[in-house]
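Undergrad: This is coords_13.cif (mmCIF, C-alpha atoms).
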data_target
loop_
_atom_site.group_PDB
_atom_site.id
_atom_site.type_symbol
_atom_site.label_atom_id
_atom_site.label_comp_id
_atom_site.auth_asym_id
_atom_site.auth_seq_id
_atom_site.Cartn_x
_atom_site.Cartn_y
_atom_site.Cartn_z
ATOM 1 C CA PRO A 1 143.779 100.172 141.169
ATOM 2 C CA GLU A 2 141.377 100.637 138.273
ATOM 3 C CA VAL A 3 137.850 99.592 139.238
ATOM 4 C CA THR A 4 135.013 99.181 136.734
ATOM 5 C CA VAL A 5 131.510 99.180 138.201
ATOM 6 C CA ALA A 6 128.649 97.497 136.320
ATOM 7 C CA ILE A 7 125.054 98.155 137.403
ATOM 8 C CA ASP A 8 122.705 95.965 135.408
ATOM 9 C CA GLY A 9 119.242 96.495 136.903
ATOM 10 C CA ALA A 10 116.836 95.896 139.779
ATOM 11 C CA GLU A 11 113.618 93.980 140.381
ATOM 12 C CA ASN A 12 110.269 94.584 142.084
ATOM 13 C CA LEU A 13 110.833 98.240 142.983
ATOM 14 C CA GLN A 14 107.909 100.186 144.410
ATOM 15 C CA SER A 15 107.287 103.892 144.912
ATOM 16 C CA ALA A 16 105.006 105.436 147.518
ATOM 17 C CA VAL A 17 104.068 108.037 144.907
ATOM 18 C CA LYS A 18 103.843 106.061 141.634
ATOM 19 C CA GLY A 19 103.345 102.503 142.888
ATOM 20 C CA ASP A 20 104.776 99.930 140.488
ATOM 21 C CA LYS A 21 105.895 102.590 137.967
ATOM 22 C CA PRO A 22 108.686 104.495 139.737
ATOM 23 C CA ASP A 23 111.317 106.658 138.050
ATOM 24 C CA THR A 24 114.506 105.151 139.447
ATOM 25 C CA TYR A 25 118.285 105.401 139.343
ATOM 26 C CA CYS A 26 121.126 103.728 141.203
ATOM 27 C CA CYS A 27 124.150 105.335 142.852
ATOM 28 C CA CYS A 28 127.474 103.780 143.752
ATOM 29 C CA GLN A 29 130.051 105.443 145.960
ATOM 30 C CA ILE A 30 133.035 104.593 148.120
ATOM 31 C CA MET A 31 132.102 104.373 151.780
ATOM 32 C CA ASN A 32 133.222 107.506 153.654
ATOM 33 C CA LYS A 33 134.369 109.055 150.354
ATOM 34 C CA SER A 34 131.138 110.413 148.917
ATOM 35 C CA GLN A 35 133.013 112.769 146.593
ATOM 36 C CA TRP A 36 133.823 109.702 144.460
ATOM 37 C CA ARG A 37 130.438 108.674 143.122
ATOM 38 C CA LEU A 38 128.715 107.147 140.097
ATOM 39 C CA GLN A 39 125.066 107.496 139.099
ATOM 40 C CA THR A 40 123.088 105.661 136.419
ATOM 41 C CA PRO A 41 120.639 107.420 134.102
ATOM 42 C CA ILE A 42 117.012 107.571 135.277
ATOM 43 C CA VAL A 43 114.704 104.823 134.001
ATOM 44 C CA LYS A 44 111.112 106.028 134.051
ATOM 45 C CA GLY A 45 108.011 104.029 134.957
ATOM 46 C CA LYS A 46 109.625 100.609 135.480
ATOM 47 C CA THR A 47 109.368 98.308 138.498
ATOM 48 C CA ASN A 48 112.197 96.208 137.006
ATOM 49 C CA PRO A 49 114.565 98.881 135.612
ATOM 50 C CA GLN A 50 117.450 97.858 133.347
ATOM 51 C CA TRP A 51 120.182 100.490 133.592
ATOM 52 C CA LYS A 52 122.896 98.513 131.748
ATOM 53 C CA TYR A 53 125.408 101.003 133.151
ATOM 54 C CA GLU A 54 129.172 100.572 133.310
ATOM 55 C CA ALA A 55 131.799 103.106 134.320
ATOM 56 C CA GLU A 56 135.220 103.372 135.902
ATOM 57 C CA LEU A 57 135.387 104.559 139.486
ATOM 58 C CA ALA A 58 137.768 107.489 139.837
ATOM 59 C CA GLU A 59 141.170 107.269 141.467
ATOM 60 C CA GLY A 60 139.709 107.643 144.974
ATOM 61 C CA TYR A 61 139.446 103.845 145.378
ATOM 62 C CA VAL A 62 142.133 101.944 147.304
ATOM 63 C CA TRP A 63 142.309 98.274 148.236
ATOM 64 C CA GLY A 64 140.031 97.523 151.173
ATOM 65 C CA ASP A 65 137.486 100.262 150.424
ATOM 66 C CA THR A 66 133.818 99.286 150.536
ATOM 67 C CA LEU A 67 131.461 100.174 147.689
ATOM 68 C CA VAL A 68 127.952 101.228 148.671
ATOM 69 C CA PHE A 69 124.995 100.946 146.284
ATOM 70 C CA ALA A 70 121.652 102.698 146.728
ATOM 71 C CA VAL A 71 118.535 102.928 144.554
ATOM 72 C CA PHE A 72 116.516 106.144 144.525
ATOM 73 C CA SER A 73 113.106 107.097 143.188
ATOM 74 C CA LYS A 74 113.130 110.500 141.505
ATOM 75 C CA ASP A 75 109.444 111.091 142.256
ATOM 76 C CA HIS A 76 109.529 110.066 145.930
ATOM 77 C CA GLU A 77 109.506 112.694 148.656
ATOM 78 C CA ASP A 78 109.778 112.010 152.359
ATOM 79 C CA THR A 79 107.149 114.322 153.791
ATOM 80 C CA SER A 80 108.766 114.546 157.194
ATOM 81 C CA GLU A 81 112.100 115.481 155.640
ATOM 82 C CA LYS A 82 110.379 118.001 153.413
ATOM 83 C CA LYS A 83 108.815 119.625 156.437
ATOM 84 C CA ASN A 84 112.160 119.826 158.220
ATOM 85 C CA GLU A 85 113.838 121.385 155.196
ATOM 86 C CA GLU A 86 111.048 123.752 154.234
ATOM 87 C CA GLY A 87 112.333 127.180 153.391
ATOM 88 C CA LYS A 88 115.960 126.107 153.037
ATOM 89 C CA SER A 89 117.994 127.458 150.138
ATOM 90 C CA GLY A 90 121.614 127.699 149.180
ATOM 91 C CA GLU A 91 124.237 128.026 146.470
ATOM 92 C CA LEU A 92 125.350 125.327 144.055
ATOM 93 C CA TYR A 93 128.753 125.648 142.364
ATOM 94 C CA VAL A 94 129.487 123.635 139.217
ATOM 95 C CA THR A 95 132.712 123.309 137.231
ATOM 96 C CA VAL A 96 132.775 121.586 133.846
ATOM 97 C CA CYS A 97 136.318 120.257 133.361
ATOM 98 C CA ALA A 98 136.426 118.118 130.246
ATOM 99 C CA ALA A 99 134.724 115.642 127.938
ATOM 100 C CA TYR A 100 136.190 112.469 126.497
ATOM 101 C CA ASN A 101 135.680 110.397 123.347
ATOM 102 C CA LEU A 102 132.905 112.564 121.945
ATOM 103 C CA GLU A 103 131.184 111.451 118.767
ATOM 104 C CA ASN A 104 132.217 113.235 115.584
ATOM 105 C CA LYS A 105 129.169 114.741 113.900
ATOM 106 C CA ASP A 106 131.065 116.954 111.449
ATOM 107 C CA THR A 107 132.671 115.989 108.127
ATOM 108 C CA GLY A 108 135.943 114.653 109.527
ATOM 109 C CA ILE A 109 137.757 116.147 106.522
ATOM 110 C CA MET A 110 141.018 118.005 107.237
ATOM 111 C CA GLY A 111 140.478 117.777 110.985
ATOM 112 C CA ASP A 112 136.866 119.023 110.852
ATOM 113 C CA VAL A 113 135.344 117.283 113.879
ATOM 114 C CA SER A 114 132.701 118.197 116.458
ATOM 115 C CA ASP A 115 132.791 121.645 118.089
ATOM 116 C CA PRO A 116 131.587 120.894 121.633
ATOM 117 C CA TYR A 117 130.144 123.047 124.388
ATOM 118 C CA VAL A 118 128.239 122.090 127.549
ATOM 119 C CA VAL A 119 124.857 123.418 128.650
ATOM 120 C CA VAL A 120 124.237 123.228 132.412
ATOM 121 C CA LYS A 121 120.644 123.741 133.562
ATOM 122 C CA PHE A 122 119.255 123.914 137.077
ATOM 123 C CA GLY A 123 115.632 124.904 137.622
ATOM 124 C CA ASP A 124 114.890 127.779 135.258
ATOM 125 C CA THR A 125 118.531 128.859 134.991
ATOM 126 C CA GLU A 126 120.652 127.736 132.053
ATOM 127 C CA GLN A 127 124.351 128.456 131.519
ATOM 128 C CA LYS A 128 126.910 127.161 129.044
ATOM 129 C CA THR A 129 130.622 126.835 128.455
ATOM 130 C CA PRO A 130 132.477 128.368 125.507
ATOM 131 C CA THR A 131 132.659 126.283 122.330
ATOM 132 C CA ILE A 132 135.944 124.474 121.645
ATOM 133 C CA ASN A 133 136.360 123.945 117.924
ATOM 134 C CA ASP A 134 137.398 120.648 116.340
ATOM 135 C CA ASP A 135 138.071 118.690 119.516
ATOM 136 C CA LEU A 136 136.605 115.334 120.575
ATOM 137 C CA ASN A 137 138.416 115.484 123.950
ATOM 138 C CA PRO A 138 137.894 119.125 124.962
ATOM 139 C CA ILE A 139 139.251 120.639 128.163
ATOM 140 C CA TRP A 140 137.600 123.819 129.443
ATOM 141 C CA LYS A 141 139.844 126.199 131.372
ATOM 142 C CA GLU A 142 137.719 129.345 131.318
ATOM 143 C CA GLY A 143 134.022 130.138 131.242
ATOM 144 C CA ASN A 144 133.411 126.739 132.822
ATOM 145 C CA GLN A 145 132.473 127.671 136.416
ATOM 146 C CA PHE A 146 128.824 128.290 137.231
ATOM 147 C CA GLN A 147 126.820 129.303 140.262
ATOM 148 C CA PHE A 148 123.157 128.453 140.847
ATOM 149 C CA ARG A 149 120.754 129.495 143.574
ATOM 150 C CA PHE A 150 118.454 126.714 144.751
ATOM 151 C CA GLY A 151 115.446 126.305 147.008
ATOM 152 C CA GLN A 152 113.235 123.472 148.209
ATOM 153 C CA ASN A 153 111.714 122.516 144.862
ATOM 154 C CA GLU A 154 114.837 122.184 142.718
ATOM 155 C CA ALA A 155 116.455 118.751 142.550
ATOM 156 C CA MET A 156 117.804 117.861 139.096
ATOM 157 C CA LEU A 157 120.996 119.291 137.611
ATOM 158 C CA ASN A 158 121.089 118.714 133.850
ATOM 159 C CA PHE A 159 124.182 118.532 131.630
ATOM 160 C CA LYS A 160 123.991 118.487 127.808
ATOM 161 C CA VAL A 161 127.036 118.313 125.561
ATOM 162 C CA MET A 162 126.294 119.952 122.221
ATOM 163 C CA ASN A 163 128.027 120.244 118.845
ATOM 164 C CA SER A 164 127.965 123.808 117.536
ATOM 165 C CA ASN A 165 126.824 124.212 113.915
ATOM 166 C CA TYR A 166 125.878 127.097 111.665
ATOM 167 C CA MET A 167 122.298 125.862 111.191
ATOM 168 C CA GLN A 168 121.296 123.621 114.105
ATOM 169 C CA ASP A 169 123.348 122.268 116.998
ATOM 170 C CA ASP A 170 123.556 118.494 117.598
ATOM 171 C CA SER A 171 123.414 116.624 120.882
ATOM 172 C CA LEU A 172 126.536 114.681 121.847
ATOM 173 C CA GLY A 173 125.007 113.205 125.006
ATOM 174 C CA PHE A 174 123.523 114.226 128.341
ATOM 175 C CA PHE A 175 123.507 113.408 132.048
ATOM 176 C CA ASP A 176 121.143 114.254 134.933
ATOM 177 C CA LEU A 177 122.279 114.506 138.551
ATOM 178 C CA ASP A 178 119.924 114.563 141.554
ATOM 179 C CA ILE A 179 121.539 117.028 143.971
ATOM 180 C CA ARG A 180 119.570 115.574 146.895
ATOM 181 C CA THR A 181 122.102 112.716 146.890
ATOM 182 C CA LEU A 182 124.977 115.134 147.549
ATOM 183 C CA LYS A 183 126.201 116.168 150.965
ATOM 184 C CA PRO A 184 126.000 119.907 151.737
ATOM 185 C CA GLU A 185 129.198 121.969 151.764
ATOM 186 C CA GLN A 186 131.263 119.172 150.251
ATOM 187 C CA ARG A 187 133.119 119.100 146.950
ATOM 188 C CA CYS A 188 132.284 116.141 144.711
ATOM 189 C CA ASN A 189 134.150 115.001 141.603
ATOM 190 C CA PHE A 190 132.387 113.085 138.849
ATOM 191 C CA LYS A 191 133.454 111.461 135.586
ATOM 192 C CA VAL A 192 130.298 109.995 134.125
ATOM 193 C CA PRO A 193 129.216 108.299 130.889
ATOM 194 C CA LEU A 194 126.862 110.413 128.789
ATOM 195 C CA LEU A 195 123.474 109.008 127.913
ATOM 196 C CA ASP A 196 123.202 108.678 124.116
ATOM 197 C CA GLY A 197 126.879 109.617 124.006
ATOM 198 C CA LYS A 198 128.169 106.410 122.376
ATOM 199 C CA GLY A 199 130.871 105.900 124.992
ATOM 200 C CA ALA A 200 131.602 109.569 125.670
ATOM 201 C CA GLU A 201 132.215 110.815 129.205
ATOM 202 C CA LEU A 202 131.905 114.148 131.006
ATOM 203 C CA GLU A 203 133.982 115.350 133.956
#
How does the structure come out when it is put into structure tokens?
TA:
Amino acid sequence: PEVTVAIDGAENLQSAVKGDKPDTYCCCQIMNKSQWRLQTPIVKGKTNPQWKYEAELAEGYVWGDTLVFAVFSKDHEDTSEKKNEEGKSGELYVTVCAAYNLENKDTGIMGDVSDPYVVVKFGDTEQKTPTINDDLNPIWKEGNQFQFRFGQNEAMLNFKVMNSNYMQDDSLGFFDLDIRTLKPEQRCNFKVPLLDGKGAELE
């Protein structure tokens, strides 16, 4: 079945670090199927965040499955957990598959539409896919697999879809993923709406 999840907002959230001004986001996943997961954008400095987020849950859902929702604070750190994990590091593997319904920021004349590529940034390391010319629903089949080394301090994986131009490239939307919400040594598949993407999605 096709399942659309709507996450409107939350009320009276508190952070041990920033008090009544936490930087929060909400995650939804299928119980015991954490590879199928949705995550809202981060709303900064709000005790009553309004995410206004809606997305389709991937094909992993079947009748009878339970959806689990959890709210996280980006700035919160559990000191006991940090102590236990001190010194840990590992490898993060990322594959950019496709984008959907991208905004056209080119002329539109004679098939001249956006020329998208994706920038993936983790910590101080930035990598990007090849550019696919004149395609609002690009599919990357090469140059789309990336490897990152991470340690204790890295948490946010950033995706930016860009439109290649001769003078200055345009943003077609972005998405941030907190890797602390992922389970180690497990493959996860995401198809997420892009913030400022006007309905575009990234997989």
Undergrad: Let me make sure I understand: among A:Gly173, A:Gly151, A:Gly45, A:Gly197, which one has the smallest atom-to-atom distance to A:Val118 if we use all atoms listed in the file?
TA: A:Gly173
Undergrad: So which residues fall inside 9 Å of (129.0, 116.4, 145.9) if we count all atoms listed in the file? Mind giving them as a ChimeraX atom specification?
TA: /A:34-37,179,181-190
Undergrad: Would you pick out the contacts of stretch 137-140 of chain A at 6 Å or less, using only C-alpha atoms, so that residues sharing its chain but fewer than 2 positions from it are not included, and give the list as a count of residues only?
TA: 7
Undergrad: Name every residue that the PyMOL selection byres ((chain A and resi 145) around 8) selects in this structure, writing the answer as a PDB file with C-alpha atoms, keeping the file's coordinate frame with chains first and numbers rising.
TA:
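And here is the file that came out, part-v2.pdb:
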ATOM      1  CA  TYR A  93     128.753 125.648 142.364  1.00  0.00           C
ATOM      2  CA  VAL A  94     129.487 123.635 139.217  1.00  0.00           C
ATOM      3  CA  THR A  95     132.712 123.309 137.231  1.00  0.00           C
ATOM      4  CA  VAL A  96     132.775 121.586 133.846  1.00  0.00           C
ATOM      5  CA  GLU A 142     137.719 129.345 131.318  1.00  0.00           C
ATOM      6  CA  GLY A 143     134.022 130.138 131.242  1.00  0.00           C
ATOM      7  CA  ASN A 144     133.411 126.739 132.822  1.00  0.00           C
ATOM      8  CA  PHE A 146     128.824 128.290 137.231  1.00  0.00           C
ATOM      9  CA  GLN A 147     126.820 129.303 140.262  1.00  0.00           C
TER      10      GLN A 147
END
Undergrad: Please indicate the distance in Å from atom CA of A:Phe122 to atom CA of A:Lys74, rounded to one decimal place.
TA: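 So the answer is 15.4 Å.
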Undergrad: Which residue is closest to A:Val68? Choose from A:Thr47, A:Gln29, A:Gln127, A:Ser171 and count all atoms listed in the file.
TA: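 Ranking A:Thr47, A:Gln29, A:Gln127, A:Ser171 by distance to A:Val68, first place goes to A:Gln29.
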Undergrad: I'd like to know which of A:Met110, A:Val5, A:Ile30, A:Leu157 is closest to A:Glu126, using only C-alpha atoms.
TA: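 When distances to A:Glu126 are compared using only C-alpha atoms, the smallest one comes from A:Leu157.
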